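To start, the structure itself, in structure tokens.
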Amino acid sequence: MNFAHTTTNDLRKLAPGTVLCVAVTGIASVLESVERAAFGRAWLESLVLAILAGAVLRMVWTPGQRWLPGIAFCARTILEIAVVLLGASVSAAMIAAAGPVMVVGIALTVVAAIASSYVIGRVLRLSPRMALLVACGNSICGNSAIAAVAPVIDADSDDVAAAISFTALLGVAVVLGLPLLGFALHLGVLQYGTLAGLTVYAVPQVLAAAAPMGPIAVQMGALVKLVRVLMLGPVCVVMAMCAPHLGDVAGPAMPRKRIGIATLVPWFILGFIGLVGLRSFDVVPHVMLAPIGHASTWLTVVSMAALGLGVDMRALRQAGPRVTTAVVLSLAMLGSISLALIYGLHLA
């Protein structure tokens with residue numbers, strides 16, 4: 001009875017903030033639908049719109065104490081569940097199809113891009129955690145990587161929101177500008193598909209960016225992108241090992257924990273890897289893949305709404321120019337490294 005009473009009280013504490021985050025998610029979905037109806041496509045996806053809608057709401061209204069537990073629950077626990085479900089979109093067969101040389105090349109590209117982006121961020125005087133968020137976002141999978149790495153390194157909500165906002169907006173520009181770069185460099189379809197998979201953030205954006213070069217470029221881009229997404233697990237493990245050496249957190253963040261197996265390998269990363277394994281052995285029914293993907297996306301949007309509700313727009317404005325410069329320069333570095341890999345592999 002005591003356990004049931006405690007559980008009921010916990011649910012009551014979480015309910016107001018959780019419902020608020022779901023409501024903001026609904027607003028973001030409606031805004032995305034309006035975009036599609038007006039322009040034929042969504043220039044800003046619901047994930048970005050959710051964090052912007054949450055931040056705008058926070059500008060005009062500061063949530064009281066009764067809202068905070070649910071917002072914190074959505075910003076962390078819901079996000080971790082979404083990362084686990086993301087594992088169902090990746091399988092060993094997809095990775096093997098790319099070939100070992102390509103897989104190793106993608107992994108080295110991600111590592112080199114994270115290292116160079118981190119250096120750029122520090123030179124621009126970003127905090128170590130913000131520099132890592134920008135580096136991982138640019139180098140792996142944009143918003144999802146930022147969201148996954150944030151709880152591992154105890155990043156504060158202002159940094160997370162700033163990194164996601166600028167990275168997401170720049171992602172739209174990359175989708176529009178990358179085909180022009182491909183034509184200017186006279187890249188073949190496999191070369192361009194690989195470039196799109198290595199540089200564009202979200203999977204849907206990869207498909208959109210690769211589409212002007214035809215279906216082969218789209219397939220290559222999707223395959224490279226999936227291998228790149230798989231780097232999220234190992235990167236999070238390394239980030240967890242580095243977190244204690246990053247110094248104190250500047251803003252509100254999750255409490256530090258002692259280094260142990262649960263810290264080095266967070267439960268949601270183990271879940272992600274486990275689901276990749278189940279998908280690889282064809283244990284996950286094919287009919288469940290689409291619903292799992294939709295659930296992962298929806299939960300991520302809810303968590304982004306929570307992050308938006310927790311951001312201080314004044315801090316976002318202060319971080320703006322430096323973060324924007326860091327994101328642009330690190331993205332340019334990623335593009336250069338990616339082109340070096342493409343030409344080095346002699347893709348035709």
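Each chain in the structure tokens gets a letter, A, B and so on, in the order shown; residues start at 1 in every chain, and ligands are counted from 1 in the order they appear.
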Sorted per-residue table, range 167-245 of chain A near range 86-96 of chain A, closest atoms and distance, 7 Å, only C-alpha atoms, as JSON lines:
{"residue": "A:Leu223", "atom": "CA", "partner": "A:Met94", "partner_atom": "CA", "distance": 6.8}
{"residue": "A:Leu226", "atom": "CA", "partner": "A:Val90", "partner_atom": "CA", "distance": 6.3}
{"residue": "A:Val227", "atom": "CA", "partner": "A:Ile95", "partner_atom": "CA", "distance": 5.9}
Quote the spacing between CA of Val206 in chain A and CA of Gly221 in chain A in Å to one decimal place.
->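 So the answer is 6.3 Å.
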Residues at most 8 Å from Gln205 in chain A, counting only C-alpha atoms, excluding those fewer than 4 positions away in the same chain, as a list in words?
->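 Listed by chain and then number, they are Gly171, Val172, Val175, Val200, Tyr201 and Ala209 of chain A.
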Could you check which of A:Arg122, A:Gly308, A:Ala173, A:Asp158 is closest to Leu52 in chain A, using only C-alpha atoms?
->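 Smallest distance to Leu52 in chain A is found for A:Gly308.
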DSSP on the backbone: what in range 56-269 of chain A comes out helix (DSSP H, G or I), as a ChimeraX atom specification?
-> /A:56-60,65-89,92-97,100-123,128-141,143-152,157-184,189-199,203-213,215-230,232-245,261-264,267-269
